[in-house]
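Chemist: Contents of my_file_32.cif (mmCIF, C-alpha atoms and all ligand atoms; chains and numbers go by the auth columns):
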```
data_work
#
loop_
_atom_site.group_PDB
_atom_site.id
_atom_site.type_symbol
_atom_site.label_atom_id
_atom_site.label_comp_id
_atom_site.label_asym_id
_atom_site.label_seq_id
_atom_site.Cartn_x
_atom_site.Cartn_y
_atom_site.Cartn_z
_atom_site.B_iso_or_equiv
_atom_site.auth_seq_id
_atom_site.auth_asym_id
ATOM 1 C CA MET A 1 -34.515 -34.446 4.989 0.00 480 T
ATOM 2 C CA PRO A 2 -33.334 -30.960 4.010 0.00 481 T
ATOM 3 C CA MET A 3 -35.124 -28.096 5.797 0.00 482 T
ATOM 4 C CA PRO A 4 -37.306 -26.000 3.499 0.00 483 T
ATOM 5 C CA CYS A 5 -36.065 -22.476 3.015 0.00 484 T
ATOM 6 C CA TYR A 6 -38.603 -19.786 3.979 0.00 485 T
ATOM 7 C CA MET A 7 -36.427 -16.750 3.377 0.00 486 T
ATOM 8 C CA THR A 8 -38.132 -14.039 1.345 0.00 487 T
ATOM 9 C CA PRO A 9 -36.059 -11.753 -0.916 0.00 488 T
ATOM 10 C CA CYS A 10 -36.621 -9.008 1.666 0.00 489 T
ATOM 11 C CA ALA A 11 -35.212 -11.146 4.471 0.00 490 T
ATOM 12 C CA ILE A 12 -32.212 -11.963 2.319 0.00 491 T
ATOM 13 C CA MET A 13 -31.581 -8.251 1.739 0.00 492 T
ATOM 14 C CA LEU A 14 -31.765 -7.600 5.468 0.00 493 T
ATOM 15 C CA THR A 15 -29.316 -10.407 6.176 0.00 494 T
ATOM 16 C CA LEU A 16 -26.869 -8.991 3.644 0.00 495 T
ATOM 17 C CA MET A 17 -27.164 -5.486 5.088 0.00 496 T
ATOM 18 C CA CYS A 18 -26.549 -6.761 8.609 0.00 497 T
ATOM 19 C CA ALA A 19 -23.568 -8.748 7.424 0.00 498 T
ATOM 20 C CA HIS A 20 -22.132 -5.588 5.873 0.00 499 T
ATOM 21 C CA GLU A 21 -22.643 -3.552 9.040 0.00 500 T
ATOM 22 C CA VAL A 22 -20.999 -6.204 11.155 0.00 501 T
ATOM 23 C CA SER A 23 -17.956 -6.371 8.906 0.00 502 T
ATOM 24 C CA ALA A 24 -17.595 -2.556 8.746 0.00 503 T
ATOM 25 C CA ALA A 25 -17.779 -2.265 12.543 0.00 504 T
ATOM 26 C CA GLY A 26 -15.541 -5.324 12.890 0.00 505 T
ATOM 27 C CA GLY A 27 -12.934 -3.654 10.673 0.00 506 T
ATOM 28 C CA ALA A 28 -12.861 -0.492 12.758 0.00 507 T
ATOM 29 C CA SER A 29 -12.695 -2.266 16.092 0.00 508 T
ATOM 30 C CA SER A 30 -10.030 -4.667 14.867 0.00 509 T
ATOM 31 C CA TYR A 31 -7.566 -1.756 14.389 0.00 510 T
ATOM 32 C CA ALA A 32 -8.230 -0.775 18.022 0.00 511 T
ATOM 33 C CA GLU A 33 -7.801 -4.380 19.127 0.00 512 T
ATOM 34 C CA GLU A 34 -4.586 -4.763 17.150 0.00 513 T
ATOM 35 C CA ARG A 35 -3.314 -1.522 18.702 0.00 514 T
ATOM 36 C CA ALA A 36 -4.121 -2.666 22.248 0.00 515 T
ATOM 37 C CA GLU A 37 -2.325 -5.955 21.537 0.00 516 T
ATOM 38 C CA MET A 38 0.656 -4.058 20.061 0.00 517 T
ATOM 39 C CA VAL A 39 1.015 -1.994 23.249 0.00 518 T
ATOM 40 C CA ILE A 40 0.972 -5.061 25.508 0.00 519 T
ATOM 41 C CA ARG A 41 3.147 -7.466 23.516 0.00 520 T
ATOM 42 C CA GLN A 42 5.585 -5.209 21.671 0.00 521 T
ATOM 43 C CA ILE A 43 5.962 -2.306 24.099 0.00 522 T
ATOM 44 C CA ALA A 44 4.934 -2.943 27.733 0.00 523 T
ATOM 45 C CA ASP A 45 6.282 -6.514 27.717 0.00 524 T
ATOM 46 C CA ARG A 46 9.641 -5.158 26.494 0.00 525 T
ATOM 47 C CA GLY A 47 9.927 -2.812 29.446 0.00 526 T
ATOM 48 C CA VAL A 48 8.390 0.555 28.483 0.00 527 T
ATOM 49 C CA ARG A 49 6.677 1.663 31.713 0.00 528 T
ATOM 50 C CA ASP A 50 5.758 5.355 31.318 0.00 529 T
ATOM 51 C CA GLU A 51 1.933 5.359 31.386 0.00 530 T
ATOM 52 C CA ARG A 52 1.726 8.565 29.347 0.00 531 T
ATOM 53 C CA VAL A 53 3.731 6.899 26.575 0.00 532 T
ATOM 54 C CA LEU A 54 1.661 3.699 26.718 0.00 533 T
ATOM 55 C CA ASP A 55 -1.572 5.762 26.617 0.00 534 T
ATOM 56 C CA ALA A 56 -0.367 7.757 23.622 0.00 535 T
ATOM 57 C CA MET A 57 0.580 4.539 21.785 0.00 536 T
ATOM 58 C CA ARG A 58 -2.927 3.187 22.570 0.00 537 T
ATOM 59 C CA ARG A 59 -4.635 6.319 21.246 0.00 538 T
ATOM 60 C CA VAL A 60 -2.819 7.301 18.038 0.00 539 T
ATOM 61 C CA PRO A 61 -4.238 5.467 14.969 0.00 540 T
ATOM 62 C CA ARG A 62 -0.967 4.295 13.389 0.00 541 T
ATOM 63 C CA HIS A 63 -2.821 2.953 10.327 0.00 542 T
ATOM 64 C CA GLU A 64 -3.689 6.555 9.349 0.00 543 T
ATOM 65 C CA PHE A 65 0.037 7.316 8.936 0.00 544 T
ATOM 66 C CA VAL A 66 0.896 4.556 6.453 0.00 545 T
ATOM 67 C CA PRO A 67 0.013 4.226 2.729 0.00 546 T
ATOM 68 C CA ASP A 68 -3.244 2.359 1.907 0.00 547 T
ATOM 69 C CA ASN A 69 -1.435 -0.786 0.782 0.00 548 T
ATOM 70 C CA GLU A 70 0.411 -1.004 4.151 0.00 549 T
ATOM 71 C CA LYS A 71 -2.593 -0.370 6.451 0.00 550 T
ATOM 72 C CA ARG A 72 -3.184 -4.022 7.233 0.00 551 T
ATOM 73 C CA TYR A 73 0.420 -4.277 8.502 0.00 552 T
ATOM 74 C CA ALA A 74 0.240 -1.047 10.540 0.00 553 T
ATOM 75 C CA TYR A 75 0.327 -2.752 13.952 0.00 554 T
ATOM 76 C CA ARG A 76 3.059 -5.266 13.153 0.00 555 T
ATOM 77 C CA ASP A 77 6.356 -5.325 15.037 0.00 556 T
ATOM 78 C CA THR A 78 8.293 -3.712 12.180 0.00 557 T
ATOM 79 C CA PRO A 79 9.112 -0.479 10.338 0.00 558 T
ATOM 80 C CA LEU A 80 7.080 0.077 7.141 0.00 559 T
ATOM 81 C CA PRO A 81 7.757 1.950 3.878 0.00 560 T
ATOM 82 C CA ILE A 82 6.050 5.374 3.622 0.00 561 T
ATOM 83 C CA GLY A 83 7.309 6.410 0.136 0.00 562 T
ATOM 84 C CA GLU A 84 10.361 8.386 -1.079 0.00 563 T
ATOM 85 C CA GLY A 85 12.527 5.467 0.163 0.00 564 T
ATOM 86 C CA GLN A 86 11.736 6.376 3.802 0.00 565 T
ATOM 87 C CA THR A 87 10.169 4.396 6.660 0.00 566 T
ATOM 88 C CA ILE A 88 7.900 4.817 9.683 0.00 567 T
ATOM 89 C CA SER A 89 9.832 3.372 12.644 0.00 568 T
ATOM 90 C CA GLN A 90 8.899 0.142 14.429 0.00 569 T
ATOM 91 C CA PRO A 91 6.296 0.906 17.157 0.00 570 T
ATOM 92 C CA TYR A 92 8.641 -0.230 19.964 0.00 571 T
ATOM 93 C CA ILE A 93 11.388 2.157 18.833 0.00 572 T
ATOM 94 C CA VAL A 94 8.912 5.075 18.758 0.00 573 T
ATOM 95 C CA ALA A 95 7.780 4.201 22.302 0.00 574 T
ATOM 96 C CA LEU A 96 11.341 3.691 23.570 0.00 575 T
ATOM 97 C CA MET A 97 12.580 7.014 22.147 0.00 576 T
ATOM 98 C CA THR A 98 9.554 8.823 23.572 0.00 577 T
ATOM 99 C CA GLU A 99 10.097 7.310 27.023 0.00 578 T
ATOM 100 C CA LEU A 100 13.832 8.108 26.958 0.00 579 T
ATOM 101 C CA ALA A 101 12.990 11.753 26.186 0.00 580 T
ATOM 102 C CA GLN A 102 10.919 11.963 29.430 0.00 581 T
ATOM 103 C CA PRO A 103 8.214 14.182 27.908 0.00 582 T
ATOM 104 C CA ASP A 104 5.987 16.371 30.063 0.00 583 T
ATOM 105 C CA LYS A 105 2.911 18.452 29.282 0.00 584 T
ATOM 106 C CA SER A 106 4.792 21.757 29.619 0.00 585 T
ATOM 107 C CA HIS A 107 7.452 20.748 27.062 0.00 586 T
ATOM 108 C CA ARG A 108 8.234 22.226 23.644 0.00 587 T
ATOM 109 C CA VAL A 109 9.801 19.598 21.417 0.00 588 T
ATOM 110 C CA LEU A 110 11.810 19.611 18.187 0.00 589 T
ATOM 111 C CA GLU A 111 11.733 16.515 15.968 0.00 590 T
ATOM 112 C CA ILE A 112 14.120 16.064 13.037 0.00 591 T
ATOM 113 C CA GLY A 113 12.668 13.722 10.361 0.00 592 T
ATOM 114 C CA THR A 114 8.855 14.089 10.332 0.00 593 T
ATOM 115 C CA GLY A 115 8.421 11.160 7.904 0.00 594 T
ATOM 116 C CA SER A 116 4.815 9.994 8.286 0.00 595 T
ATOM 117 C CA GLY A 117 4.116 12.298 11.253 0.00 596 T
ATOM 118 C CA TYR A 118 3.458 9.344 13.598 0.00 597 T
ATOM 119 C CA GLN A 119 6.226 10.083 16.137 0.00 598 T
ATOM 120 C CA ALA A 120 5.124 13.738 16.155 0.00 599 T
ATOM 121 C CA ALA A 121 1.534 12.652 16.952 0.00 600 T
ATOM 122 C CA ILE A 122 2.711 10.416 19.821 0.00 601 T
ATOM 123 C CA LEU A 123 4.675 13.346 21.287 0.00 602 T
ATOM 124 C CA ALA A 124 1.787 15.760 20.671 0.00 603 T
ATOM 125 C CA GLU A 125 -0.464 13.591 22.854 0.00 604 T
ATOM 126 C CA ILE A 126 1.833 14.333 25.802 0.00 605 T
ATOM 127 C CA VAL A 127 3.623 17.678 25.348 0.00 606 T
ATOM 128 C CA GLN A 128 2.617 21.297 24.755 0.00 607 T
ATOM 129 C CA HIS A 129 3.958 21.729 21.208 0.00 608 T
ATOM 130 C CA VAL A 130 5.934 19.753 18.627 0.00 609 T
ATOM 131 C CA TYR A 131 7.992 21.476 15.910 0.00 610 T
ATOM 132 C CA THR A 132 9.051 18.979 13.275 0.00 611 T
ATOM 133 C CA ILE A 133 11.273 19.289 10.176 0.00 612 T
ATOM 134 C CA GLU A 134 11.240 17.003 7.117 0.00 613 T
ATOM 135 C CA ILE A 135 13.664 17.273 4.208 0.00 614 T
ATOM 136 C CA GLU A 136 11.265 15.669 1.629 0.00 615 T
ATOM 137 C CA ALA A 137 8.550 18.174 0.680 0.00 616 T
ATOM 138 C CA ASP A 138 6.029 15.455 -0.331 0.00 617 T
ATOM 139 C CA LEU A 139 6.340 13.686 3.013 0.00 618 T
ATOM 140 C CA ALA A 140 6.070 16.975 4.926 0.00 619 T
ATOM 141 C CA GLN A 141 2.876 17.770 3.056 0.00 620 T
ATOM 142 C CA ARG A 142 1.315 14.342 3.631 0.00 621 T
ATOM 143 C CA ALA A 143 2.204 14.459 7.343 0.00 622 T
ATOM 144 C CA THR A 144 0.716 17.959 7.646 0.00 623 T
ATOM 145 C CA GLU A 145 -2.532 16.715 6.091 0.00 624 T
ATOM 146 C CA VAL A 146 -2.921 13.618 8.271 0.00 625 T
ATOM 147 C CA LEU A 147 -2.046 15.537 11.457 0.00 626 T
ATOM 148 C CA ARG A 148 -4.629 18.196 10.550 0.00 627 T
ATOM 149 C CA LYS A 149 -7.252 15.547 9.731 0.00 628 T
ATOM 150 C CA LEU A 150 -6.710 13.904 13.123 0.00 629 T
ATOM 151 C CA GLY A 151 -6.959 17.261 14.925 0.00 630 T
ATOM 152 C CA TYR A 152 -3.355 17.756 16.146 0.00 631 T
ATOM 153 C CA GLU A 153 -3.268 21.535 16.436 0.00 632 T
ATOM 154 C CA ASN A 154 -0.081 21.500 18.532 0.00 633 T
ATOM 155 C CA VAL A 155 2.223 20.230 15.753 0.00 634 T
ATOM 156 C CA THR A 156 4.012 22.538 13.288 0.00 635 T
ATOM 157 C CA VAL A 157 5.636 20.868 10.256 0.00 636 T
ATOM 158 C CA ARG A 158 8.254 22.547 8.056 0.00 637 T
ATOM 159 C CA THR A 159 10.189 21.355 4.988 0.00 638 T
ATOM 160 C CA GLY A 160 13.956 21.754 5.275 0.00 639 T
ATOM 161 C CA ASP A 161 17.287 20.337 6.444 0.00 640 T
ATOM 162 C CA GLY A 162 16.912 19.655 10.166 0.00 641 T
ATOM 163 C CA TYR A 163 20.705 19.661 10.728 0.00 642 T
ATOM 164 C CA ALA A 164 20.477 23.365 11.562 0.00 643 T
ATOM 165 C CA GLY A 165 17.513 22.924 13.916 0.00 644 T
ATOM 166 C CA TRP A 166 14.815 25.615 14.162 0.00 645 T
ATOM 167 C CA ALA A 167 16.404 28.677 15.763 0.00 646 T
ATOM 168 C CA GLU A 168 13.200 30.813 15.821 0.00 647 T
ATOM 169 C CA HIS A 169 11.542 28.404 18.274 0.00 648 T
ATOM 170 C CA ALA A 170 14.632 27.421 20.317 0.00 649 T
ATOM 171 C CA PRO A 171 15.465 26.517 23.015 0.00 650 T
ATOM 172 C CA PHE A 172 13.685 23.149 23.249 0.00 651 T
ATOM 173 C CA ASP A 173 13.054 20.929 26.284 0.00 652 T
ATOM 174 C CA ILE A 174 13.441 17.854 24.074 0.00 653 T
ATOM 175 C CA ILE A 175 14.979 17.152 20.671 0.00 654 T
ATOM 176 C CA ILE A 176 14.242 13.820 18.957 0.00 655 T
ATOM 177 C CA VAL A 177 16.206 12.924 15.844 0.00 656 T
ATOM 178 C CA THR A 178 14.647 10.130 13.756 0.00 657 T
ATOM 179 C CA ALA A 179 17.209 9.901 10.930 0.00 658 T
ATOM 180 C CA ALA A 180 20.809 8.923 11.711 0.00 659 T
ATOM 181 C CA PRO A 181 23.628 11.499 11.485 0.00 660 T
ATOM 182 C CA ASP A 182 27.256 10.335 11.850 0.00 661 T
ATOM 183 C CA HIS A 183 27.655 12.862 14.695 0.00 662 T
ATOM 184 C CA ILE A 184 25.204 14.868 16.795 0.00 663 T
ATOM 185 C CA PRO A 185 24.745 18.215 14.990 0.00 664 T
ATOM 186 C CA GLN A 186 26.181 21.092 17.053 0.00 665 T
ATOM 187 C CA PRO A 187 23.231 23.435 16.216 0.00 666 T
ATOM 188 C CA LEU A 188 20.903 20.923 17.889 0.00 667 T
ATOM 189 C CA ILE A 189 23.062 20.816 21.035 0.00 668 T
ATOM 190 C CA ASP A 190 23.018 24.632 21.073 0.00 669 T
ATOM 191 C CA GLN A 191 19.207 24.710 20.762 0.00 670 T
ATOM 192 C CA LEU A 192 18.639 22.351 23.717 0.00 671 T
ATOM 193 C CA LYS A 193 17.527 24.027 26.982 0.00 672 T
ATOM 194 C CA PRO A 194 19.636 23.586 30.117 0.00 673 T
ATOM 195 C CA GLY A 195 17.999 20.561 31.784 0.00 674 T
ATOM 196 C CA GLY A 196 16.905 19.291 28.348 0.00 675 T
ATOM 197 C CA ARG A 197 17.385 15.917 26.635 0.00 676 T
ATOM 198 C CA MET A 198 18.112 14.813 23.112 0.00 677 T
ATOM 199 C CA VAL A 199 17.483 11.288 21.781 0.00 678 T
ATOM 200 C CA ALA A 200 19.245 10.450 18.519 0.00 679 T
ATOM 201 C CA PRO A 201 20.560 7.447 16.560 0.00 680 T
ATOM 202 C CA VAL A 202 24.213 8.150 15.749 0.00 681 T
ATOM 203 C CA GLY A 203 26.466 6.194 13.430 0.00 682 T
ATOM 204 C CA PRO A 204 27.418 5.237 9.902 0.00 683 T
ATOM 205 C CA THR A 205 24.981 5.152 6.980 0.00 684 T
ATOM 206 C CA PHE A 206 23.371 1.760 6.216 0.00 685 T
ATOM 207 C CA ALA A 207 24.899 0.018 9.224 0.00 686 T
ATOM 208 C CA THR A 208 23.861 -0.417 12.834 0.00 687 T
ATOM 209 C CA GLN A 209 23.858 2.855 14.745 0.00 688 T
ATOM 210 C CA GLU A 210 23.708 3.558 18.458 0.00 689 T
ATOM 211 C CA LEU A 211 20.674 5.182 20.040 0.00 690 T
ATOM 212 C CA ARG A 212 22.152 7.929 22.235 0.00 691 T
ATOM 213 C CA VAL A 213 20.627 10.075 24.983 0.00 692 T
ATOM 214 C CA LEU A 214 22.310 13.448 25.451 0.00 693 T
ATOM 215 C CA GLU A 215 21.596 15.575 28.512 0.00 694 T
ATOM 216 C CA LYS A 216 22.396 19.222 29.105 0.00 695 T
ATOM 217 C CA ASP A 217 22.525 20.046 32.826 0.00 696 T
ATOM 218 C CA ALA A 218 21.397 23.289 34.470 0.00 697 T
ATOM 219 C CA THR A 219 24.875 24.778 33.997 0.00 698 T
ATOM 220 C CA GLY A 220 24.923 23.880 30.290 0.00 699 T
ATOM 221 C CA LYS A 221 27.339 20.938 30.639 0.00 700 T
ATOM 222 C CA VAL A 222 26.614 18.160 28.115 0.00 701 T
ATOM 223 C CA SER A 223 26.934 14.409 28.672 0.00 702 T
ATOM 224 C CA SER A 224 25.729 11.509 26.562 0.00 703 T
ATOM 225 C CA LYS A 225 25.345 7.755 26.768 0.00 704 T
ATOM 226 C CA GLY A 226 24.558 4.911 24.353 0.00 705 T
ATOM 227 C CA VAL A 227 21.354 3.002 25.031 0.00 706 T
ATOM 228 C CA ALA A 228 20.651 0.468 22.284 0.00 707 T
ATOM 229 C CA PRO A 229 21.726 -0.631 18.797 0.00 708 T
ATOM 230 C CA VAL A 230 19.267 0.640 16.154 0.00 709 T
ATOM 231 C CA ARG A 231 18.900 1.039 12.391 0.00 710 T
ATOM 232 C CA PHE A 232 17.597 4.291 10.936 0.00 711 T
ATOM 233 C CA VAL A 233 17.641 5.844 7.475 0.00 712 T
ATOM 234 C CA PRO A 234 20.524 8.340 7.172 0.00 713 T
ATOM 235 C CA LEU A 235 20.213 12.043 7.991 0.00 714 T
ATOM 236 C CA ARG A 236 20.817 13.660 4.603 0.00 715 T
ATOM 237 C CA ARG A 237 22.196 17.159 4.074 0.00 716 T
ATOM 238 C CA GLN A 238 20.705 19.712 1.734 0.00 717 T
ATOM 239 C CA GLN A 239 23.275 20.889 -0.830 0.00 718 T
HETATM 240 N N1 LIG B . 9.702 10.054 12.578 0.00 801 Y
HETATM 241 C C1 LIG B . 9.193 9.427 11.359 0.00 801 Y
HETATM 242 C C2 LIG B . 10.144 8.405 10.753 0.00 801 Y
HETATM 243 C C3 LIG B . 11.287 9.071 10.194 0.00 801 Y
HETATM 244 S S1 LIG B . 12.190 8.289 8.912 0.00 801 Y
HETATM 245 C C4 LIG B . 7.843 8.796 11.564 0.00 801 Y
HETATM 246 O O1 LIG B . 7.332 8.794 12.697 0.00 801 Y
HETATM 247 O O2 LIG B . 7.279 8.333 10.573 0.00 801 Y
HETATM 248 C C5 LIG B . 13.394 9.581 8.788 0.00 801 Y
HETATM 249 C C6 LIG B . 12.913 10.798 8.056 0.00 801 Y
HETATM 250 O O3 LIG B . 13.959 11.762 8.151 0.00 801 Y
HETATM 251 C C7 LIG B . 12.673 10.572 6.577 0.00 801 Y
HETATM 252 O O4 LIG B . 11.374 10.958 6.242 0.00 801 Y
HETATM 253 C C8 LIG B . 13.730 11.445 5.900 0.00 801 Y
HETATM 254 O O5 LIG B . 13.275 12.010 4.683 0.00 801 Y
HETATM 255 C C9 LIG B . 13.974 12.503 6.945 0.00 801 Y
HETATM 256 N N2 LIG B . 15.261 13.203 6.874 0.00 801 Y
HETATM 257 C C10 LIG B . 16.482 12.746 6.461 0.00 801 Y
HETATM 258 N N3 LIG B . 17.417 13.691 6.555 0.00 801 Y
HETATM 259 C C11 LIG B . 16.793 14.800 7.049 0.00 801 Y
HETATM 260 C C12 LIG B . 17.239 16.110 7.391 0.00 801 Y
HETATM 261 N N4 LIG B . 18.504 16.504 7.218 0.00 801 Y
HETATM 262 N N5 LIG B . 16.326 16.986 7.883 0.00 801 Y
HETATM 263 C C13 LIG B . 15.025 16.625 8.053 0.00 801 Y
HETATM 264 N N6 LIG B . 14.551 15.388 7.743 0.00 801 Y
HETATM 265 C C14 LIG B . 15.417 14.492 7.261 0.00 801 Y
#
```
In structure tokens, what does this structure look like?

Modeler:
Amino acid sequence: MPMPCYMTPCAIMLTLMCAHEVSAAGGASSYAEERAEMVIRQIADRGVRDERVLDAMRRVPRHEFVPDNEKRYAYRDTPLPIGEGQTISQPYIVALMTELAQPDKSHRVLEIGTGSGYQAAILAEIVQHVYTIEIEADLAQRATEVLRKLGYENVTVRTGDGYAGWAEHAPFDIIIVTAAPDHIPQPLIDQLKPGGRMVAPVGPTFATQELRVLEKDATGKVSSKGVAPVRFVPLRRQQ
């Protein structure tokens, strides 16, 4: 025999409201859960060990840095389009580059290729200040807005061609290049502090490049080594 239904309209309303609250809270916590899972499976399991990097990757809400129609893919193991034909890098690559740079809380960092602002936010969680340059004005503006909304007061974004670096704020402890030049720009080498490190993908446009780590020792001598094959959008030059 079917059970009689005693639900009053009021009880039905209450049930619907509760259901809504549960799904709203569920949505918010599922981003955090996806992020925790991303850090374990995509980053720690692949060998990134620096706790400060892992913590930063756990804290920064990557979904805030991607367009609305990409948010549900924000924690996937892949780069994503961010408009203007550009991409936010795969989470693992962001973590790897950050770890290779060996960031510390006293550091002042230059990033070339702000894009979404996500890599800048990861760095800003760890270091004193991040200066970041983006050649596309629309992207620079969007990144500025999201970084401000999330409260990152230690990031300065500027529109321009990052090939020449940012002489007013040089020298930098770390320089991270997130678009691929075919050679490491000399102005960036000049703006690196003795004892500093640069992490940059170097190689031909639209082919596999090599992620390189360049070190400048205390005497100013420069050495560099290749670390991994990567694929980045090209570093473009302003005419
Ligand atoms: N770091 C970004 C991803 C960068 S994608 C993030 O976390 O989302 C590379 C970015 O470099 C693109 O936004 C591209 O417009 C920018 N770019 C290309 N050439 C540049 C140049 N010469 N100077 C500054 N930015 C440049």

Chemist: Residues contacting ligand LIG 801 (chain Y) - anything with an atom at most 7 Å away, using all atoms listed in the file - can you give me those as a ChimeraX atom specification?

Modeler: /T:565-568,591-599,612-615,618,639-642,657-658,712-717

Chemist: Got a sec to resolve the PyMOL selection byres (((chain T and resi 631) around 10) and not hetatm) on this structure and send the residues as a list in words?

Modeler: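 So the PyMOL selection byres (((chain T and resi 631) around 10) and not hetatm), applied here, picks out Ala599, Ala600, Ala603, Glu604, His608, Val609, Thr623, Val625, Leu626, Arg627, Lys628, Leu629, Gly630, Glu632, Asn633, Val634 and Thr635 of chain T.
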
Chemist: When you draw a straight line from atom CA of Pro660 of chain T to atom CA of Gln688 of chain T, how long is it in Å?

Modeler: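 Between atom CA of Pro660 of chain T and atom CA of Gln688 of chain T the gap works out to 9.2 Å.
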
Chemist: Quick one: of T:Pro664, T:Pro558, T:Gly674, T:Pro582, who's nearest to Arg710 of chain T, counting all atoms listed in the file?

Modeler: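 Nearest candidate to Arg710 of chain T out of T:Pro664, T:Pro558, T:Gly674, T:Pro582: T:Pro558.
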
Chemist: Kindly indicate which residue among T:Gly705, T:Gly644, T:Pro560, T:Gly699 lies nearest to Val656 of chain T, using all atoms listed in the file for the distances.

Modeler: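 Selected residue with least distance to Val656 of chain T: T:Gly644.
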
Chemist: Point out the residue among T:Pro673, T:Gly526, T:Gly682, T:Pro540 with the least atom-to-atom distance to Glu512 of chain T, counting all atoms listed in the file.

Modeler: T:Pro540

Chemist: Excluding Gln581 of chain T and its own-chain neighbours fewer than 4 positions away, which residues fall within 12 Å of it when counting all atoms listed in the file? Please give them as a count of residues only.

Modeler: 27

Chemist: What is the distance, in Å and to one decimal place, between atom CA of Phe685 of chain T and atom CA of Ala643 of chain T?

Modeler: 22.4 Å

Chemist: With only C-alpha atoms as the counted atoms, please give the residues lying no more than 9 Å from Gln620 of chain T, apart from itself and same-chain residues fewer than 6 positions off, as a list in words.

Modeler: Val636, Arg637 and Thr638 of chain T

Chemist: Report the distance between atom CA of Leu589 of chain T and atom CA of Thr684 of chain T in Å, rounded to one decimal place.

Modeler: 22.5 Å
